[in-house]
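Chemist: Got a structure for you, start_11.cif, holding mmCIF, C-alpha atoms.
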data_upload
#
loop_
_atom_site.label_atom_id
_atom_site.label_comp_id
_atom_site.auth_asym_id
_atom_site.auth_seq_id
_atom_site.Cartn_x
_atom_site.Cartn_y
_atom_site.Cartn_z
CA MET A 27 100.44 15.34 4.73
CA THR A 28 97.27 13.58 5.71
CA ALA A 29 93.89 13.88 4.09
CA ALA A 30 92.79 16.10 6.99
CA SER A 31 95.56 18.66 6.45
CA LYS A 32 94.43 22.26 6.32
CA ILE A 33 96.00 25.27 4.65
CA TYR A 34 95.56 28.96 5.35
CA VAL A 35 96.42 31.29 2.46
CA LYS A 36 96.90 35.04 2.73
CA THR A 37 97.31 37.00 -0.50
CA PHE A 38 99.02 40.36 -0.80
CA GLY A 39 98.93 42.73 -3.74
CA CYS A 40 97.93 42.42 -7.35
CA GLN A 41 95.37 40.42 -9.30
CA MET A 42 98.10 38.09 -10.54
CA ASN A 43 98.77 37.09 -6.95
CA VAL A 44 95.05 36.42 -6.49
CA TYR A 45 95.21 34.13 -9.51
CA ASP A 46 98.40 32.47 -8.25
CA SER A 47 96.88 31.87 -4.81
CA GLN A 48 93.85 30.22 -6.39
CA ARG A 49 96.08 27.98 -8.47
CA MET A 50 98.27 27.05 -5.50
CA THR A 51 95.17 26.18 -3.49
CA GLU A 52 93.93 23.97 -6.33
CA LEU A 53 97.33 22.35 -6.62
CA LEU A 54 97.46 21.56 -2.91
CA ALA A 55 93.93 20.16 -2.95
CA ALA A 56 95.39 17.31 -5.01
CA HIS A 57 97.84 16.74 -2.14
CA GLY A 58 95.08 16.37 0.44
CA PHE A 59 94.74 19.95 1.67
CA ALA A 60 91.52 21.73 2.48
CA GLU A 61 91.51 25.51 2.77
CA THR A 62 90.65 27.09 6.11
CA ALA A 63 89.90 30.69 7.08
CA ALA A 64 91.26 30.15 10.61
CA VAL A 65 95.02 30.39 10.81
CA GLU A 66 95.06 28.56 14.16
CA GLU A 67 93.64 25.46 12.43
CA ALA A 68 96.19 25.42 9.61
CA ASP A 69 98.82 22.75 9.20
CA VAL A 70 100.34 24.94 6.48
CA VAL A 71 100.27 28.73 6.42
CA LEU A 72 101.07 30.25 3.03
CA LEU A 73 101.75 33.95 2.51
CA ASN A 74 101.65 34.92 -1.17
CA THR A 75 103.51 38.20 -1.19
CA CYS A 76 103.79 41.30 -3.38
CA HIS A 77 106.83 43.58 -3.66
CA ILE A 78 105.17 46.57 -5.33
CA ARG A 79 103.94 48.47 -2.29
CA GLU A 80 106.13 50.49 0.04
CA LYS A 81 107.87 48.53 2.78
CA ALA A 82 106.37 45.31 1.38
CA ALA A 83 109.02 43.09 2.92
CA GLU A 84 108.63 44.66 6.36
CA LYS A 85 104.88 44.05 6.30
CA VAL A 86 105.55 40.39 5.52
CA TYR A 87 108.02 40.11 8.41
CA SER A 88 105.46 41.73 10.69
CA ASP A 89 102.93 39.07 9.71
CA LEU A 90 105.55 36.39 10.19
CA GLY A 91 106.15 37.58 13.75
CA ARG A 92 102.50 36.91 14.55
CA LEU A 93 102.61 33.56 12.76
CA ARG A 94 105.60 32.51 14.86
CA GLN A 95 103.38 32.76 17.94
CA VAL A 96 100.72 30.64 16.24
CA LYS A 97 103.33 28.05 15.29
CA GLU A 98 104.70 27.89 18.84
CA ALA A 99 101.22 27.58 20.36
CA ARG A 100 100.36 24.73 18.01
CA ALA A 101 103.69 23.05 18.76
CA ASP A 102 102.86 23.17 22.47
CA ALA A 103 99.66 21.30 21.59
CA GLY A 104 101.63 18.70 19.63
CA ARG A 105 100.71 19.96 16.18
CA GLN A 106 103.28 20.80 13.52
CA THR A 107 102.86 23.94 11.42
CA VAL A 108 104.69 24.61 8.17
CA ILE A 109 105.08 28.28 7.29
CA ALA A 110 105.66 29.01 3.60
CA VAL A 111 106.29 32.36 1.94
CA ALA A 112 105.65 32.61 -1.80
CA GLY A 113 105.52 35.40 -4.34
CA CYS A 114 107.72 38.36 -5.17
CA VAL A 115 108.98 39.20 -1.67
CA ALA A 116 110.04 35.56 -1.34
CA GLN A 117 111.84 35.80 -4.68
CA ALA A 118 113.58 39.04 -3.72
CA GLU A 119 114.54 38.03 -0.18
CA GLY A 120 115.51 34.40 -0.77
CA ALA A 121 117.81 33.01 1.91
CA GLU A 122 117.76 36.35 3.74
CA MET A 123 114.22 35.52 4.80
CA LEU A 124 115.39 32.36 6.56
CA ARG A 125 118.11 34.37 8.29
CA ARG A 126 115.67 36.98 9.57
CA ALA A 127 112.85 34.51 10.28
CA PRO A 128 114.45 31.08 10.89
CA PHE A 129 111.07 29.59 11.83
CA VAL A 130 109.96 29.90 8.18
CA ASP A 131 110.02 26.47 6.55
CA LEU A 132 109.79 27.30 2.85
CA VAL A 133 110.58 30.29 0.63
CA VAL A 134 109.32 29.78 -2.92
CA GLY A 135 109.36 32.20 -5.86
CA PRO A 136 106.47 32.83 -8.24
CA GLN A 137 108.04 30.74 -11.01
CA SER A 138 108.39 27.61 -8.85
CA TYR A 139 105.04 27.29 -7.10
CA HIS A 140 104.00 24.41 -9.36
CA ARG A 141 106.40 22.35 -7.21
CA LEU A 142 104.71 23.42 -3.99
CA GLY A 143 103.38 19.98 -3.06
CA GLU A 144 106.77 18.29 -3.06
CA LEU A 145 108.46 21.31 -1.47
CA LEU A 146 106.01 21.34 1.44
CA ALA A 147 106.51 17.60 1.96
CA ARG A 148 110.27 18.13 2.09
CA ALA A 149 109.91 21.03 4.51
CA LYS A 150 107.76 18.92 6.83
CA TRP A 151 110.01 15.89 6.95
CA GLU A 152 113.42 17.54 6.70
CA ARG A 153 112.52 20.15 9.33
CA ARG A 154 114.82 22.75 7.82
CA GLY A 155 114.27 25.87 5.81
CA ILE A 156 114.10 25.38 2.05
CA VAL A 157 114.63 28.13 -0.53
CA GLU A 158 113.36 27.60 -4.09
CA THR A 159 113.71 30.84 -6.05
CA GLY A 160 115.11 29.72 -9.37
CA PHE A 161 113.60 30.23 -12.80
CA PRO A 162 112.87 26.69 -14.05
CA GLU A 163 112.82 26.12 -17.78
CA GLU A 164 109.61 24.10 -17.70
CA ASP A 165 106.23 25.78 -18.18
CA LYS A 166 104.76 25.97 -14.70
CA PHE A 167 101.23 26.36 -16.10
CA ALA A 168 101.53 23.01 -17.86
CA ALA A 169 102.40 21.41 -14.51
CA LEU A 170 99.36 22.81 -12.71
CA PRO A 171 96.14 20.81 -12.36
CA THR A 172 93.03 21.55 -14.39
CA ARG A 173 91.45 24.79 -13.19
CA ALA A 174 88.85 24.12 -10.53
CA PRO A 175 85.36 25.66 -10.89
CA PRO A 176 85.69 29.09 -9.24
CA GLY A 177 82.05 29.42 -8.21
CA THR A 178 82.07 33.06 -9.30
CA VAL A 179 80.72 35.08 -12.20
CA THR A 180 84.05 36.81 -12.84
CA ALA A 181 87.54 35.35 -12.87
CA PHE A 182 91.17 36.22 -13.51
CA LEU A 183 93.18 34.35 -16.10
CA THR A 184 96.94 34.85 -16.32
CA VAL A 185 98.12 34.82 -19.93
CA GLN A 186 101.50 36.54 -19.61
CA GLU A 187 104.18 36.89 -16.95
CA GLY A 188 107.38 38.84 -16.51
CA CYS A 189 108.62 42.00 -18.16
CA ASP A 190 111.48 43.02 -20.44
CA LYS A 191 111.05 46.79 -20.02
CA PHE A 192 113.29 47.27 -16.95
CA CYS A 193 111.73 50.45 -15.62
CA THR A 194 114.25 51.69 -13.07
CA PHE A 195 111.74 51.67 -10.18
CA CYS A 196 110.35 48.17 -10.77
CA VAL A 197 111.30 44.78 -9.36
CA VAL A 198 109.17 42.70 -11.75
CA PRO A 199 111.97 41.73 -14.19
CA TYR A 200 113.97 40.46 -11.20
CA THR A 201 111.17 38.67 -9.35
CA ARG A 202 109.05 37.41 -12.26
CA GLY A 203 111.73 37.11 -14.91
CA ALA A 204 111.60 37.66 -18.67
CA GLU A 205 108.35 37.98 -20.57
CA PHE A 206 106.58 34.68 -21.10
CA SER A 207 103.26 34.18 -22.88
CA ARG A 208 101.11 31.11 -22.59
CA PRO A 209 100.06 29.33 -25.81
CA VAL A 210 96.70 30.41 -27.20
CA ILE A 211 95.27 26.89 -27.04
CA ASP A 212 96.09 26.63 -23.32
CA VAL A 213 94.50 29.98 -22.52
CA GLU A 214 91.44 29.09 -24.59
CA ALA A 215 91.06 25.75 -22.81
CA GLU A 216 91.17 27.41 -19.40
CA ALA A 217 88.71 30.09 -20.51
CA CYS A 218 86.37 27.37 -21.81
CA ARG A 219 86.41 25.58 -18.46
CA LEU A 220 85.71 28.82 -16.63
CA ALA A 221 82.79 29.67 -18.93
CA GLU A 222 81.37 26.15 -18.62
CA HIS A 223 81.30 26.61 -14.85
CA GLY A 224 79.44 29.91 -14.83
CA VAL A 225 82.13 32.53 -15.35
CA ARG A 226 80.77 35.27 -17.60
CA GLU A 227 83.62 37.77 -17.44
CA ILE A 228 87.34 37.10 -17.55
CA THR A 229 90.17 39.52 -16.95
CA LEU A 230 93.33 38.54 -18.81
CA LEU A 231 96.34 39.20 -16.60
CA GLY A 232 99.97 39.95 -17.18
CA GLN A 233 102.67 42.11 -15.72
CA ASN A 234 102.82 43.53 -19.23
CA VAL A 235 99.76 41.90 -20.73
CA ASN A 236 99.64 43.78 -24.03
CA ALA A 237 103.11 42.42 -24.81
CA TYR A 238 101.41 39.01 -25.11
CA HIS A 239 102.93 36.93 -27.90
CA GLY A 240 101.79 33.38 -27.21
CA ARG A 241 102.06 30.63 -29.79
CA GLY A 242 98.88 30.45 -31.85
CA PRO A 243 97.23 27.42 -33.44
CA ASP A 244 99.18 28.26 -36.59
CA SER A 245 102.45 28.01 -34.59
CA ARG A 246 103.07 31.73 -35.04
CA PRO A 247 103.11 34.32 -32.24
CA TRP A 248 99.67 35.81 -31.68
CA SER A 249 99.02 39.28 -30.34
CA LEU A 250 96.72 40.08 -27.44
CA ALA A 251 94.15 41.38 -29.94
CA GLN A 252 94.17 38.04 -31.74
CA LEU A 253 93.78 36.20 -28.44
CA ILE A 254 90.84 38.40 -27.45
CA ALA A 255 89.13 37.78 -30.80
CA ARG A 256 89.55 34.04 -30.28
CA LEU A 257 88.12 34.10 -26.75
CA ALA A 258 85.24 36.31 -27.81
CA LYS A 259 83.91 33.39 -29.85
CA LEU A 260 83.13 31.49 -26.65
CA GLY A 261 79.36 31.71 -26.47
CA ASP A 262 78.98 31.60 -22.69
CA LEU A 263 81.56 34.33 -22.16
CA LYS A 264 79.98 37.77 -22.09
CA ARG A 265 82.81 40.12 -21.21
CA ILE A 266 86.59 40.36 -21.58
CA ARG A 267 89.01 42.73 -19.85
CA TYR A 268 92.80 42.86 -19.57
CA THR A 269 95.40 44.44 -17.29
CA THR A 270 98.12 45.76 -16.88
CA SER A 271 99.38 47.37 -20.08
CA HIS A 272 102.43 49.37 -21.16
CA PRO A 273 102.01 52.29 -23.57
CA HIS A 274 104.89 50.96 -25.69
CA ASP A 275 102.88 47.80 -26.49
CA MET A 276 99.51 49.43 -27.20
CA THR A 277 99.44 48.28 -30.82
CA GLY A 278 97.11 49.29 -33.61
CA ASP A 279 95.27 45.97 -33.68
CA LEU A 280 94.61 46.17 -29.94
CA ILE A 281 93.26 49.71 -30.26
CA ALA A 282 91.05 48.51 -33.12
CA ALA A 283 89.81 45.64 -30.92
CA HIS A 284 88.30 48.20 -28.56
CA ARG A 285 86.34 49.54 -31.51
CA ASP A 286 85.37 46.25 -33.13
CA GLU A 287 84.99 43.63 -30.39
CA ALA A 288 81.73 44.02 -28.48
CA LYS A 289 82.82 41.71 -25.65
CA LEU A 290 85.96 43.74 -24.92
CA MET A 291 84.92 46.24 -22.27
CA PRO A 292 85.56 49.97 -22.76
CA TYR A 293 87.96 50.24 -19.84
CA LEU A 294 91.73 50.46 -20.11
CA HIS A 295 94.37 50.61 -17.38
CA LEU A 296 97.37 52.29 -19.01
CA PRO A 297 100.05 53.58 -16.61
CA PHE A 298 102.02 56.68 -17.60
CA GLN A 299 103.87 57.07 -14.23
CA ALA A 300 105.05 60.69 -14.65
CA GLY A 301 104.26 63.76 -16.74
CA ALA A 302 107.76 65.17 -17.19
CA ASP A 303 109.88 63.76 -20.00
CA ARG A 304 113.05 64.11 -17.93
CA ILE A 305 111.59 61.89 -15.22
CA LEU A 306 110.14 59.44 -17.75
CA ALA A 307 113.61 59.04 -19.24
CA ALA A 308 115.11 58.46 -15.79
CA MET A 309 112.41 55.83 -15.22
CA ASN A 310 113.30 54.17 -18.56
CA ARG A 311 109.64 54.27 -19.53
CA LYS A 312 110.32 54.34 -23.29
CA HIS A 313 107.68 57.01 -23.99
CA THR A 314 107.28 60.76 -23.59
CA ALA A 315 104.30 62.68 -22.28
CA ALA A 316 103.45 63.68 -25.87
CA ASP A 317 103.64 60.01 -26.94
CA TYR A 318 101.16 59.12 -24.23
CA LEU A 319 98.76 61.91 -25.20
CA ARG A 320 98.89 60.92 -28.87
CA LEU A 321 98.19 57.32 -27.88
CA ILE A 322 95.20 58.36 -25.78
CA ALA A 323 93.86 60.35 -28.71
CA ARG A 324 94.10 57.28 -30.96
CA ILE A 325 92.36 55.10 -28.38
CA ARG A 326 89.54 57.61 -27.88
CA ALA A 327 89.11 57.99 -31.62
CA ALA A 328 88.57 54.23 -31.81
CA ARG A 329 86.34 54.03 -28.73
CA PRO A 330 85.08 57.49 -27.65
CA ASP A 331 83.38 56.27 -24.47
CA ILE A 332 86.39 54.38 -23.11
CA ALA A 333 87.16 54.85 -19.41
CA LEU A 334 90.83 55.26 -18.61
CA SER A 335 92.77 54.26 -15.53
CA THR A 336 96.45 54.73 -14.77
CA ASP A 337 99.34 54.43 -12.30
CA ILE A 338 101.40 57.44 -11.25
CA ILE A 339 104.53 57.72 -9.11
CA VAL A 340 105.36 60.98 -7.33
CA GLY A 341 108.71 61.90 -5.86
CA PHE A 342 110.91 59.87 -8.19
CA PRO A 343 114.57 60.84 -7.61
CA GLY A 344 115.28 64.23 -9.10
CA GLU A 345 111.62 65.22 -9.50
CA THR A 346 111.19 68.97 -9.06
CA GLU A 347 108.04 70.93 -8.40
CA THR A 348 108.05 71.83 -12.11
CA ASP A 349 108.22 68.14 -13.02
CA PHE A 350 105.32 67.40 -10.69
CA ALA A 351 103.31 70.23 -12.23
CA ALA A 352 103.74 68.45 -15.57
CA THR A 353 102.19 65.33 -14.04
CA LEU A 354 99.21 67.33 -12.78
CA ALA A 355 98.84 68.93 -16.20
CA LEU A 356 98.81 65.56 -17.95
CA VAL A 357 96.16 64.26 -15.55
CA GLU A 358 94.05 67.36 -16.19
CA GLN A 359 94.40 66.94 -19.95
CA VAL A 360 93.55 63.22 -20.08
CA GLY A 361 90.88 62.90 -17.40
CA PHE A 362 90.81 59.54 -15.66
CA ALA A 363 87.88 57.48 -14.45
CA GLN A 364 90.14 55.81 -11.90
CA ALA A 365 93.81 55.99 -10.97
CA TYR A 366 96.38 54.77 -8.48
CA ALA A 367 99.02 57.15 -7.16
CA PHE A 368 102.05 56.18 -5.07
CA LYS A 369 105.05 57.79 -3.46
CA PHE A 370 108.32 56.54 -4.87
CA SER A 371 109.97 54.07 -2.54
CA PRO A 372 113.27 52.39 -3.41
CA ARG A 373 113.14 48.70 -4.22
CA PRO A 374 116.38 46.88 -3.36
CA GLY A 375 118.17 45.69 -6.48
CA THR A 376 116.58 48.21 -8.84
CA PRO A 377 118.52 51.08 -10.43
CA GLY A 378 116.10 53.61 -8.94
CA ALA A 379 117.16 52.62 -5.44
CA THR A 380 120.69 53.94 -5.97
CA LEU A 381 119.89 57.17 -7.83
CA CYS A 382 121.09 60.41 -6.32
CA ASP A 383 118.84 63.37 -5.55
CA GLN A 384 116.20 61.46 -3.62
CA VAL A 385 113.12 63.60 -2.93
CA GLU A 386 112.48 64.57 0.68
CA GLU A 387 109.66 62.55 2.28
CA ASN A 388 107.47 65.51 3.22
CA ALA A 389 107.63 66.81 -0.34
CA LYS A 390 106.58 63.40 -1.67
CA LEU A 391 103.68 63.24 0.74
CA ASP A 392 102.51 66.75 -0.14
CA ARG A 393 102.61 65.97 -3.87
CA LEU A 394 100.79 62.68 -3.35
CA HIS A 395 97.95 64.38 -1.48
CA ARG A 396 97.58 67.06 -4.16
CA LEU A 397 97.56 64.46 -6.93
CA GLN A 398 95.10 62.21 -5.12
CA ASP A 399 92.76 65.16 -4.59
CA LEU A 400 92.71 65.82 -8.34
CA LEU A 401 92.24 62.13 -9.18
CA GLU A 402 89.41 61.73 -6.69
CA ARG A 403 87.62 64.74 -8.22
CA GLN A 404 87.97 63.21 -11.68
CA GLN A 405 86.67 59.83 -10.53
CA THR A 406 83.70 61.41 -8.79
CA ALA A 407 82.93 63.52 -11.86
CA PHE A 408 83.07 60.44 -14.10
CA ASN A 409 80.64 58.60 -11.83
CA LEU A 410 78.26 61.56 -11.54
CA ALA A 411 78.18 61.82 -15.34
CA CYS A 412 76.64 58.34 -15.42
CA ILE A 413 73.48 59.47 -13.63
CA GLY A 414 70.60 59.38 -16.08
CA LYS A 415 72.28 56.82 -18.32
CA THR A 416 71.22 53.23 -18.81
CA LEU A 417 74.17 50.84 -18.54
CA PRO A 418 74.46 47.09 -19.06
CA VAL A 419 75.47 45.63 -15.71
CA LEU A 420 76.83 42.12 -15.13
CA PHE A 421 75.45 41.02 -11.76
CA ALA A 422 78.14 39.13 -9.86
CA ARG A 423 77.16 38.80 -6.19
CA GLN A 424 74.62 39.47 -3.48
CA GLY A 425 74.69 42.91 -1.90
CA ARG A 426 74.82 43.76 1.78
CA HIS A 427 71.13 44.55 1.92
CA PRO A 428 68.25 42.07 1.40
CA GLY A 429 67.17 41.86 -2.23
CA GLN A 430 70.25 43.73 -3.45
CA LEU A 431 72.67 42.60 -6.17
CA VAL A 432 76.05 44.09 -7.01
CA GLY A 433 77.49 44.07 -10.48
CA ARG A 434 79.92 45.90 -12.71
CA SER A 435 79.27 48.43 -15.42
CA PRO A 436 81.27 48.24 -18.66
CA TYR A 437 83.54 50.85 -17.05
CA LEU A 438 84.32 48.61 -14.05
CA GLN A 439 82.21 50.64 -11.62
CA ALA A 440 80.41 48.75 -8.88
CA VAL A 441 76.64 49.08 -9.36
CA HIS A 442 74.14 48.37 -6.53
CA THR A 443 70.61 47.48 -7.57
CA THR A 444 67.51 45.92 -6.07
CA ALA A 445 67.11 42.77 -8.16
CA PRO A 446 66.24 39.07 -7.83
CA SER A 447 69.08 36.63 -7.31
CA SER A 448 67.99 34.81 -10.47
CA LEU A 449 69.77 37.57 -12.40
CA LEU A 450 73.22 36.62 -11.07
CA GLY A 451 75.46 36.01 -14.06
CA ASP A 452 73.22 37.98 -16.42
CA VAL A 453 73.92 41.28 -18.13
CA VAL A 454 70.96 43.51 -17.34
CA GLU A 455 70.09 47.06 -18.36
CA VAL A 456 70.16 49.32 -15.30
CA ALA A 457 69.09 52.95 -15.12
CA ILE A 458 71.68 54.81 -13.05
CA VAL A 459 70.03 57.01 -10.43
CA GLY A 460 72.84 57.73 -7.99
CA ALA A 461 76.61 57.96 -7.80
CA GLY A 462 79.28 58.23 -5.16
CA PRO A 463 83.05 58.41 -5.38
CA ASN A 464 83.40 54.61 -5.63
CA SER A 465 80.12 53.16 -6.91
CA LEU A 466 76.79 53.70 -8.65
CA SER A 467 73.22 52.83 -7.73
CA GLY A 468 70.46 52.04 -10.16
CA ALA A 469 67.12 50.44 -10.95
CA LEU A 470 66.20 47.69 -13.39
CA THR A 471 64.65 48.92 -16.61
CA ARG A 472 63.02 45.55 -17.26
CA PRO A 473 63.00 42.21 -15.42
CA GLU A 474 64.47 40.04 -18.16
CA PRO A 475 68.23 39.80 -18.86
CA ALA A 476 69.60 41.95 -21.62
CA LYS A 477 71.19 40.25 -24.58
CA ALA A 478 74.97 39.81 -24.23
#
The structure in this file should be written as structure tokens.

Modeler:
Amino acid sequence: MTAASKIYVKTFGCQMNVYDSQRMTELLAAHGFAETAAVEEADVVLLNTCHIREKAAEKVYSDLGRLRQVKEARADAGRQTVIAVAGCVAQAEGAEMLRRAPFVDLVVGPQSYHRLGELLARAKWERRGIVETGFPEEDKFAALPTRAPPGTVTAFLTVQEGCDKFCTFCVVPYTRGAEFSRPVIDVEAEACRLAEHGVREITLLGQNVNAYHGRGPDSRPWSLAQLIARLAKLGDLKRIRYTTSHPHDMTGDLIAAHRDEAKLMPYLHLPFQAGADRILAAMNRKHTAADYLRLIARIRAARPDIALSTDIIVGFPGETETDFAATLALVEQVGFAQAYAFKFSPRPGTPGATLCDQVEENAKLDRLHRLQDLLERQQTAFNLACIGKTLPVLFARQGRHPGQLVGRSPYLQAVHTTAPSSLLGDVVEVAIVGAGPNSLSGALTRPEPAKA
């Protein structure tokens, strides 16, 4: 590729894909690529895909159909276009993707994207479809270039990948592989670089992040709580978050960290997936509803003001109306500040896809709407309860209106405030005066930044 080569990147799905797309873009910058927002200008089009949502593969193929037209139009103008598909759909589909979309030049899984530069070069010169979906033994993070300055106040930082839980509905163990945790020193070095370049809040990412067990400076496995304590010593870093967690790995030291570590924000995304023990067992979730409630009680005892978020699946095979009522009851009992609810949809290759007693689609849709109505009421109530409080807000970007900044509360709510741009990157006390279902509005209590 020439120095003038341009790449267009489209990211689907989770925060880990956002992180991966950033890292792939940085990697390709070393190979002479500049990112473009116009797909028609791109010499390489990269789709970084996610397999979690319903009909994920079909949505990718729909996008590819449009990209085929772009590729043909550029070819008519004498310009070659390389189309690459990365991420979990690429991993799951493999060679099938080349069969269904033979104009695709490269299919690369999430564990092999550190080889993207050489793979794209091969695809260009060999002019044939290449599939790279293995699980290399080498540490892909070690092969990536130094993290580029993100130019943002907040940033994602992947510390763990893969999952060993094998929930029957989930493709992650098959597309991301076994659990892998990055060494503490490598995570700390990346966090240092981010903080030095203006990042004030990092979100530690993992498919099962609280299962983190990276090698520590003492050559022993460190827990996520130990990692957080280490990162909290970075002076320029003001806030730490992490996602996504599994109840089975919510250890005592991590619960205590929410009590003891001021930089760890009081917000926890902890999926329970279903409220009926029979369904949880069929999902292979490794916890019961009572286990989850006891865990929530321990977490709230350690940090009473913590805001909770969760994931819930409705219509898992065999779910009855009684089972669904148990899910509603658990939601009522816990009370969530935010939540994500989905209809069950079979993922090829997972045990859940072959289970008998699939729930009828209309029943799933009805249950989803009823659950979402309850969750939306809880989220709105949580936001309304913030009116009259003064919250420390980390201002991260300009708002849509002149003189407006947007930041995040400790509870991950978006907060809109009239404030000078000089406060970007500062944690500032804001009096909350208004609330909607998805955000808060407030006013500065004083012009100077609050202490971190």

Chemist: Where does the PyMOL selection byres ((chain A and resi 234) around 12) land in this file, that is, which residues does it pick, as a VMD selection string?

Modeler: chain A and resid 42 184 to 193 198 to 199 202 to 207 230 to 233 235 to 239 250 268 to 276 295 to 297

Chemist: Around the point (110.5, 29.8, 7.6) (coordinates from the file), which residues reach within 12 Å if we count only C-alpha atoms? Answer as a ChimeraX atom specification.

Modeler: /A:70-73,86-87,90-91,93-94,97,107-112,116,120-134,146,149-150,153-157

Chemist: Give me the result of the PyMOL selection byres ((chain A and resi 285) around 9) on this file, residue by residue, as a CSV table (one decimal) with C-alpha atoms, in the frame of the given file.

Modeler:
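So the final result, stored in selection31.csv, reads:
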chain,number,residue,atom,x,y,z
A,281,ILE,CA,93.3,49.7,-30.3
A,282,ALA,CA,91.0,48.5,-33.1
A,283,ALA,CA,89.8,45.6,-30.9
A,284,HIS,CA,88.3,48.2,-28.6
A,286,ASP,CA,85.4,46.2,-33.1
A,287,GLU,CA,85.0,43.6,-30.4
A,288,ALA,CA,81.7,44.0,-28.5
A,290,LEU,CA,86.0,43.7,-24.9
A,292,PRO,CA,85.6,50.0,-22.8
A,325,ILE,CA,92.4,55.1,-28.4
A,327,ALA,CA,89.1,58.0,-31.6
A,328,ALA,CA,88.6,54.2,-31.8
A,329,ARG,CA,86.3,54.0,-28.7
A,330,PRO,CA,85.1,57.5,-27.6

Chemist: Just say which residues the PyMOL selection byres ((chain A and resi 401) around 9) picks in this file, as a tab-separated table (two decimals) with C-alpha atoms, keeping the file's coordinate frame.

Modeler:
chain	number	residue	atom	x	y	z
A	357	VAL	CA	96.16	64.26	-15.55
A	358	GLU	CA	94.05	67.36	-16.19
A	361	GLY	CA	90.88	62.90	-17.40
A	362	PHE	CA	90.81	59.54	-15.66
A	363	ALA	CA	87.88	57.48	-14.45
A	364	GLN	CA	90.14	55.81	-11.90
A	365	ALA	CA	93.81	55.99	-10.97
A	366	TYR	CA	96.38	54.77	-8.48
A	367	ALA	CA	99.02	57.15	-7.16
A	396	ARG	CA	97.58	67.06	-4.16
A	397	LEU	CA	97.56	64.46	-6.93
A	398	GLN	CA	95.10	62.21	-5.12
A	399	ASP	CA	92.76	65.16	-4.59
A	400	LEU	CA	92.71	65.82	-8.34
A	402	GLU	CA	89.41	61.73	-6.69
A	403	ARG	CA	87.62	64.74	-8.22
A	404	GLN	CA	87.97	63.21	-11.68
A	405	GLN	CA	86.67	59.83	-10.53
A	406	THR	CA	83.70	61.41	-8.79

Chemist: Please report, as a Markdown table, each residue of range 65-175 of chain A lying at most 8 Å from range 209-219 of chain A, together with the nearest pair of atoms and the separation in Å rounded to one decimal; use all atoms listed in the file, and order rows by chain and ascending residue number.

Modeler:
| residue | atom | partner | partner_atom | distance |
| --- | --- | --- | --- | --- |
| A:Thr172 | CA | A:Glu216 | CA | 7.9 |
| A:Arg173 | CA | A:Glu216 | CA | 6.7 |
| A:Pro175 | CA | A:Arg219 | CA | 7.6 |

Chemist: Find, counting all atoms listed in the file, the residue in A:Cys196, A:Leu260, A:Ala101, A:Ala55 that gets nearest to Ala174 in chain A.

Modeler: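 Smallest separation from Ala174 in chain A among the options: A:Ala55.
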
Chemist: Hey, can you check how far CA of Val419 in chain A sits from CA of Leu263 in chain A?

Modeler: 14.4 Å

Chemist: Would you fill the gaps in range 449-458 of chain A so it has N, CA and C atoms, then print it as a PDB file, in the frame of the given file?

Modeler:
ATOM      1  N   LEU A 449      69.055  36.810 -11.393  1.00  0.00           N
ATOM      2  CA  LEU A 449      69.770  37.570 -12.400  1.00  0.00           C
ATOM      3  C   LEU A 449      71.296  37.489 -12.240  1.00  0.00           C
ATOM      4  N   LEU A 450      71.778  36.787 -11.223  1.00  0.00           N
ATOM      5  CA  LEU A 450      73.220  36.620 -11.070  1.00  0.00           C
ATOM      6  C   LEU A 450      73.806  35.946 -12.312  1.00  0.00           C
ATOM      7  N   GLY A 451      74.850  36.534 -12.858  1.00  0.00           N
ATOM      8  CA  GLY A 451      75.460  36.010 -14.060  1.00  0.00           C
ATOM      9  C   GLY A 451      74.881  36.555 -15.340  1.00  0.00           C
ATOM     10  N   ASP A 452      73.829  37.384 -15.234  1.00  0.00           N
ATOM     11  CA  ASP A 452      73.220  37.980 -16.420  1.00  0.00           C
ATOM     12  C   ASP A 452      73.689  39.424 -16.592  1.00  0.00           C
ATOM     13  N   VAL A 453      73.695  39.867 -17.825  1.00  0.00           N
ATOM     14  CA  VAL A 453      73.920  41.280 -18.130  1.00  0.00           C
ATOM     15  C   VAL A 453      72.562  41.931 -18.289  1.00  0.00           C
ATOM     16  N   VAL A 454      72.292  42.919 -17.447  1.00  0.00           N
ATOM     17  CA  VAL A 454      70.960  43.510 -17.340  1.00  0.00           C
ATOM     18  C   VAL A 454      71.063  45.023 -17.494  1.00  0.00           C
ATOM     19  N   GLU A 455      70.133  45.610 -18.216  1.00  0.00           N
ATOM     20  CA  GLU A 455      70.090  47.060 -18.360  1.00  0.00           C
ATOM     21  C   GLU A 455      69.645  47.709 -17.053  1.00  0.00           C
ATOM     22  N   VAL A 456      70.435  48.643 -16.572  1.00  0.00           N
ATOM     23  CA  VAL A 456      70.160  49.320 -15.300  1.00  0.00           C
ATOM     24  C   VAL A 456      70.179  50.824 -15.523  1.00  0.00           C
ATOM     25  N   ALA A 457      69.129  51.491 -15.072  1.00  0.00           N
ATOM     26  CA  ALA A 457      69.090  52.950 -15.120  1.00  0.00           C
ATOM     27  C   ALA A 457      69.835  53.492 -13.908  1.00  0.00           C
ATOM     28  N   ILE A 458      70.852  54.281 -14.131  1.00  0.00           N
ATOM     29  CA  ILE A 458      71.680  54.810 -13.050  1.00  0.00           C
ATOM     30  C   ILE A 458      70.991  56.022 -12.431  1.00  0.00           C
TER      31      ILE A 458
END
